[in-house]
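Heads up, final-v1.txt below (compact mmCIF, C-alpha atoms):
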# COMPACT_ATOMS: atom_id res chain seq x y z
CA MET A 1 -23.14 21.03 28.22
CA CYS A 2 -23.22 22.76 24.86
CA ARG A 3 -23.71 20.73 21.69
CA ALA A 4 -20.13 21.36 20.51
CA ALA A 5 -18.71 20.09 23.79
CA ALA A 6 -20.98 17.06 23.66
CA ARG A 7 -19.80 16.24 20.15
CA THR A 8 -16.17 16.54 21.26
CA ARG A 9 -16.77 14.21 24.17
CA VAL A 10 -18.50 11.64 21.98
CA ALA A 11 -15.85 11.82 19.28
CA ILE A 12 -13.11 10.51 21.61
CA VAL A 13 -15.07 7.37 22.55
CA LYS A 14 -12.76 4.40 21.95
CA LEU A 15 -15.02 1.48 22.93
CA GLU A 16 -12.14 -0.29 24.69
CA LYS A 17 -14.43 -2.95 26.16
CA TYR A 18 -15.08 -4.32 22.66
CA ARG A 19 -12.15 -6.29 21.24
CA TYR A 20 -14.06 -7.98 18.42
CA ILE A 21 -16.89 -6.08 16.74
CA VAL A 22 -18.95 -7.42 13.85
CA VAL A 23 -21.11 -5.25 11.61
CA GLU A 24 -23.82 -7.21 9.83
CA GLY A 25 -26.86 -6.72 7.65
CA PRO A 26 -28.24 -7.47 4.19
CA ILE A 27 -26.74 -6.36 0.88
CA GLY A 28 -26.84 -2.59 0.43
CA VAL A 29 -27.35 -1.69 4.09
CA GLY A 30 -23.87 -0.17 4.51
CA LYS A 31 -22.11 -2.70 6.75
CA THR A 32 -18.73 -2.56 4.99
CA SER A 33 -18.65 1.24 5.03
CA LEU A 34 -19.46 1.32 8.74
CA ALA A 35 -16.91 -1.41 9.52
CA GLN A 36 -14.23 0.61 7.73
CA ARG A 37 -15.21 3.80 9.57
CA LEU A 38 -15.19 2.04 12.95
CA ALA A 39 -11.84 0.36 12.32
CA HIS A 40 -10.30 3.70 11.36
CA HIS A 41 -11.76 5.42 14.43
CA LEU A 42 -10.63 2.65 16.80
CA ASN A 43 -7.27 2.10 15.08
CA SER A 44 -8.21 -1.58 14.92
CA ALA A 45 -7.61 -4.42 12.50
CA LEU A 46 -10.19 -4.71 9.71
CA LEU A 47 -11.54 -8.03 8.45
CA LEU A 48 -13.70 -7.77 5.34
CA GLU A 49 -15.49 -10.23 3.13
CA LYS A 50 -14.00 -10.60 -0.35
CA PRO A 51 -16.94 -11.12 -2.71
CA ALA A 52 -14.87 -10.10 -5.74
CA GLU A 53 -12.80 -13.25 -5.29
CA ASN A 54 -15.83 -15.53 -5.63
CA PRO A 55 -15.88 -16.68 -9.29
CA PHE A 56 -19.50 -17.83 -9.05
CA LEU A 57 -21.07 -14.73 -7.53
CA GLU A 58 -22.04 -12.78 -10.65
CA LYS A 59 -23.54 -15.91 -12.20
CA PHE A 60 -25.36 -16.63 -8.94
CA TYR A 61 -27.25 -13.33 -9.08
CA SER A 62 -28.37 -14.16 -12.62
CA ASP A 63 -29.32 -17.79 -11.95
CA ILE A 64 -29.64 -18.55 -8.23
CA PRO A 65 -30.85 -22.19 -8.43
CA ARG A 66 -27.96 -23.19 -10.70
CA TYR A 67 -25.10 -21.44 -8.93
CA ALA A 68 -26.24 -21.32 -5.29
CA LEU A 69 -24.22 -24.34 -4.11
CA PRO A 70 -20.79 -23.46 -5.59
CA THR A 71 -21.25 -19.84 -4.54
CA GLN A 72 -22.13 -20.86 -0.99
CA LEU A 73 -19.30 -23.37 -0.67
CA PHE A 74 -16.74 -20.86 -1.94
CA PHE A 75 -17.87 -18.35 0.67
CA LEU A 76 -17.85 -21.02 3.38
CA PHE A 77 -14.22 -21.96 2.73
CA GLN A 78 -13.24 -18.31 2.33
CA ARG A 79 -14.91 -17.17 5.55
CA ALA A 80 -13.59 -20.14 7.52
CA ALA A 81 -10.05 -19.32 6.42
CA GLN A 82 -10.49 -15.63 7.26
CA VAL A 83 -11.70 -16.22 10.83
CA GLN A 84 -9.24 -19.02 11.57
CA GLY A 85 -6.68 -16.57 12.92
CA LEU A 86 -9.30 -14.88 15.08
CA ALA A 87 -9.74 -18.07 17.11
CA GLN A 88 -6.45 -17.24 18.83
CA LEU A 89 -7.35 -13.62 19.59
CA ASP A 90 -5.41 -12.28 22.55
CA MET A 91 -7.41 -9.98 24.80
CA PHE A 92 -4.42 -7.63 24.84
CA ALA A 93 -3.89 -7.68 21.08
CA GLN A 94 -5.23 -5.13 18.62
CA ALA A 95 -9.01 -5.02 18.39
CA THR A 96 -10.74 -6.28 15.24
CA VAL A 97 -13.75 -4.97 13.31
CA SER A 98 -15.33 -7.26 10.71
CA ASP A 99 -18.13 -6.86 8.19
CA PHE A 100 -19.31 -10.46 8.42
CA LEU A 101 -20.44 -12.98 11.01
CA LEU A 102 -19.49 -16.58 10.34
CA ASP A 103 -22.91 -17.70 11.58
CA LYS A 104 -24.56 -15.92 8.66
CA ASP A 105 -23.15 -18.52 6.29
CA GLN A 106 -25.90 -20.80 7.53
CA LEU A 107 -28.41 -18.01 6.93
CA PHE A 108 -27.56 -17.77 3.23
CA ALA A 109 -27.42 -21.54 2.87
CA GLY A 110 -30.95 -21.90 4.18
CA LEU A 111 -32.16 -19.12 1.91
CA THR A 112 -30.64 -20.21 -1.40
CA LEU A 113 -30.02 -23.98 -1.41
CA SER A 114 -32.41 -26.78 -2.32
CA ASP A 115 -33.09 -29.45 0.31
CA ALA A 116 -30.56 -31.88 -1.19
CA GLU A 117 -27.93 -29.16 -1.59
CA HIS A 118 -28.52 -27.94 1.93
CA GLU A 119 -27.96 -31.42 3.32
CA LEU A 120 -24.68 -31.67 1.41
CA TYR A 121 -23.68 -28.21 2.64
CA GLN A 122 -24.41 -29.24 6.24
CA GLN A 123 -22.24 -32.33 5.88
CA ILE A 124 -19.36 -30.23 4.56
CA TYR A 125 -19.87 -27.64 7.31
CA ARG A 126 -19.78 -30.30 10.01
CA HIS A 127 -16.66 -31.85 8.50
CA LEU A 128 -14.94 -28.46 8.20
CA GLN A 129 -15.98 -27.36 11.71
CA PRO A 130 -15.13 -23.67 11.17
CA GLN A 131 -14.33 -21.90 14.41
CA ALA A 132 -14.55 -18.20 15.22
CA PRO A 133 -14.41 -16.39 18.55
CA GLN A 134 -17.63 -14.99 19.95
CA PRO A 135 -17.94 -11.29 19.09
CA ASP A 136 -17.99 -8.83 21.96
CA LEU A 137 -20.59 -6.89 19.98
CA VAL A 138 -22.67 -7.30 16.83
CA ILE A 139 -24.04 -4.20 15.12
CA TYR A 140 -26.97 -5.28 12.97
CA LEU A 141 -27.94 -2.67 10.39
CA GLN A 142 -31.53 -2.72 9.21
CA ALA A 143 -33.24 -1.01 6.29
CA SER A 144 -36.48 -1.58 4.45
CA PRO A 145 -36.33 -3.79 1.33
CA ASP A 146 -37.27 -0.76 -0.78
CA THR A 147 -34.29 1.14 0.61
CA LEU A 148 -31.97 -1.79 -0.05
CA VAL A 149 -33.16 -2.03 -3.64
CA GLU A 150 -32.57 1.70 -4.17
CA ARG A 151 -29.08 1.61 -2.59
CA VAL A 152 -27.97 -1.43 -4.58
CA LYS A 153 -29.09 0.16 -7.82
CA ARG A 154 -27.42 3.46 -6.93
CA ARG A 155 -23.98 2.02 -6.24
CA GLY A 156 -24.00 0.10 -9.54
CA SER A 157 -21.74 -2.79 -8.58
CA THR A 158 -20.95 -5.19 -11.43
CA PHE A 159 -21.61 -8.15 -9.16
CA GLU A 160 -24.99 -6.82 -8.02
CA LYS A 161 -26.51 -5.57 -11.27
CA SER A 162 -28.56 -8.76 -11.68
CA ILE A 163 -29.91 -8.98 -8.13
CA SER A 164 -33.68 -9.23 -8.21
CA GLU A 165 -35.88 -7.18 -5.94
CA ASP A 166 -37.55 -10.40 -4.78
CA TYR A 167 -34.19 -11.75 -3.59
CA LEU A 168 -33.47 -8.56 -1.62
CA TRP A 169 -36.90 -8.72 0.00
CA ARG A 170 -36.40 -12.36 1.02
CA LEU A 171 -32.89 -11.60 2.25
CA ALA A 172 -34.06 -8.71 4.44
CA GLU A 173 -36.77 -10.89 5.96
CA THR A 174 -34.30 -13.72 6.59
CA TYR A 175 -31.91 -11.38 8.39
CA THR A 176 -34.75 -10.08 10.53
CA ARG A 177 -35.74 -13.60 11.60
CA PHE A 178 -32.11 -14.57 12.19
CA PHE A 179 -31.32 -11.67 14.52
CA TYR A 180 -34.67 -11.92 16.27
CA GLN A 181 -33.44 -15.27 17.61
CA TYR A 182 -29.71 -14.46 17.85
CA GLU A 183 -28.35 -14.67 21.40
CA THR A 184 -24.68 -15.57 20.92
CA ALA A 185 -23.40 -12.02 21.52
CA PRO A 186 -24.77 -8.60 22.50
CA VAL A 187 -26.54 -6.95 19.56
CA MET A 188 -27.15 -3.30 18.75
CA ILE A 189 -29.96 -3.23 16.19
CA VAL A 190 -29.66 -0.05 14.14
CA ASN A 191 -32.34 1.29 11.83
CA SER A 192 -30.13 2.86 9.16
CA GLU A 193 -32.94 4.46 7.14
CA ASN A 194 -32.19 7.98 8.39
CA LEU A 195 -28.53 7.56 9.35
CA ASN A 196 -25.39 8.13 7.30
CA PHE A 197 -22.33 6.98 9.22
CA VAL A 198 -19.88 7.71 6.41
CA ASP A 199 -20.75 11.30 5.47
CA ASN A 200 -22.43 12.56 8.64
CA GLN A 201 -20.10 12.93 11.63
CA GLU A 202 -23.00 13.61 14.00
CA ASP A 203 -24.66 10.29 13.08
CA PHE A 204 -21.39 8.43 13.63
CA ASP A 205 -20.82 10.16 16.98
CA LEU A 206 -24.34 9.28 18.10
CA LEU A 207 -23.71 5.63 17.27
CA LEU A 208 -20.45 5.64 19.24
CA GLN A 209 -22.27 7.14 22.20
CA ARG A 210 -25.01 4.52 22.08
CA LEU A 211 -22.45 1.70 21.83
CA GLU A 212 -20.48 3.06 24.78
CA GLN A 213 -23.66 3.29 26.87
CA MET A 214 -24.92 -0.17 25.91
CA ARG A 215 -25.59 -2.35 28.94
CA GLY A 216 -28.10 -5.01 27.91
CA PRO A 217 -27.74 -7.96 25.51
CA ARG A 218 -30.01 -6.34 22.90
CA GLU A 219 -30.59 -2.66 22.30
CA TYR A 220 -32.03 -0.50 19.51
CA PHE A 221 -30.88 2.68 17.82
CA ASN A 222 -33.48 4.44 15.69
CA ARG A 223 -33.25 8.05 14.61
CA GLY A 224 -36.63 9.17 13.38
What's the structure tokens form of this structure?
Amino acid sequence: MCRAAARTRVAIVKLEKYRYIVVEGPIGVGKTSLAQRLAHHLNSALLLEKPAENPFLEKFYSDIPRYALPTQLFFLFQRAAQVQGLAQLDMFAQATVSDFLLDKDQLFAGLTLSDAEHELYQQIYRHLQPQAPQPDLVIYLQASPDTLVERVKRRGSTFEKSISEDYLWRLAETYTRFFYQYETAPVMIVNSENLNFVDNQEDFDLLLQRLEQMRGPREYFNRG
């Protein structure tokens, strides 16, 4: 099969076996852009985080110890409300692509909160009992901390201008540990260092092909 024919075949992949797909990864890795591209390709619903609505976020990046708890609690209530409707997902309804996993709320809480704050957060979490359906697939995007730092600086977001390089390094390491142990849903771990799913159609087609061919609970996609 010629390369053009192969690209045409890949491009029509619809991933019908996945009704709920989550794209995850640390700040700057490109999860929102990929989620948007996937949702457009699959003609699916799109569920995105709304960091701009968090009134504590910009202050958090400037002073993490002081603003970690209100920032975390705002995101907890926001994410719980967003996924509430997903708990009644019908297998015949429109598919959904999201750029966040509810489980990662615990990841950030463990990273940013003091012991006393974390205990309070856990009490609130248990009382709230947020529920979300299990994803059919999680796409975990990886990149080196140096790459994340460069990407965050390049996009120049108002909310992210105060993020320290140390925080991005710790965040990347925390994500790595989290997904090393994650077994709730099948995971495609993607090294995004040399991939551009937004501007490079061939990269996006390759990802679709790998997702369609995925058979095990954990697979890797790395383009050298």
Practice problem: Identify, on the basis of only C-alpha atoms, every residue whose closest approach to Pro130 of chain A does not exceed 12 Å; exclude the query and any residue fewer than 5 positions from it along the same chain; express the result as a list of chain:residue names. | Solution: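 Counting only C-alpha atoms, the residues come to A:Leu76, A:Phe77, A:Gln78, A:Arg79, A:Ala80, A:Ala81, A:Gln82, A:Val83, A:Gln84, A:Gly85, A:Leu86, A:Ala87, A:Leu101, A:Leu102, A:Asp103, A:Asp105, A:Gln106, A:Gln122, A:Ile124, A:Tyr125.
Taking atom CA of Glu160 of chain A as the reference point, atom CA of Asp63 of chain A is found at 12.4 Å.
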Self-check item: For Ala172 of chain A, the nearest of the candidates A:Tyr67, A:Tyr61, A:Phe108, A:Phe74, counting only C-alpha atoms
Solution: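 Checking each candidate against Ala172 of chain A, we get A:Phe108 as the closest.
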Self-check item: Residue nearest Leu113 of chain A - candidates A:Val198, A:Ala68, A:Leu48, A:Met188, atoms counted: only C-alpha atoms
Solution: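 Among A:Val198, A:Ala68, A:Leu48, A:Met188, it is A:Ala68 that comes nearest to Leu113 of chain A.
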Self-check item: Nearest residue to Gln123 of chain A from the set A:Leu107, A:Val29, A:Leu73, A:Ile163 (distances using all atoms listed in the file)
Solution: A:Leu73
Quiz item: atom CA of Arg215 of chain A to atom CA of Asp136 of chain A: how many Å, to one decimal?
Solution: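 Value for the atom CA of Arg215 of chain A-atom CA of Asp136 of chain A distance: 12.2 Å.
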Exercise. Taking the point (-19.8, -5.5, 18.9) as given in the file, collect each protein or nucleic acid residue that comes within 10 Å of it, counting only C-alpha atoms, and present the set as a list in words.
Key: Leu15, Lys17, Tyr18, Arg19, Tyr20, Ile21, Val22, Val23, Thr96, Val97, Ser98, Gln134, Pro135, Asp136, Leu137, Val138, Ile139, Tyr140, Ala185, Pro186, Val187, Met188 and Leu211 of chain A
Quiz item: Which residue, A:Ser33, A:Leu111, A:Ala93, A:Gly28, has the smallest gap to Phe178 of chain A when you use only C-alpha atoms?
Solution: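 That would be A:Leu111, the residue with the smallest distance to Phe178 of chain A.
Among the candidates A:Arg177, A:Arg218, A:Arg170, A:Arg66, the one nearest to Val190 of chain A when counting all atoms listed in the file is A:Arg218.
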Practice problem: May I ask which of the residues A:Pro70, A:Asn54, A:Gln94, A:Thr176 is the closest one to Ala109 of chain A, counting all atoms listed in the file? | Solution: A:Pro70
Is it possible to get the axis-aligned box enclosing segment 33-37 of chain A (all listed atoms, 5 Å extra per side) as JSON, with centre and edge lengths in Å rounded to one decimal?
{"center_x": -16.8, "center_y": 1.2, "center_z": 7.3, "size_x": 15.2, "size_y": 15.2, "size_z": 14.5}
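For the pair atom CA of Lys161 of chain A and atom CA of Phe197 of chain A, the separation is 24.4 Å.
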Practice problem: Find the residues near segment 141-145 of chain A: any atom within 10 Å, counting all atoms listed in the file, skip ones fewer than 2 places away on the same chain, and give them as an MDAnalysis selection string. | Solution: chainID A and resid 23:31 34 138:139 147:151 165:173 175:176 188:194 221:222
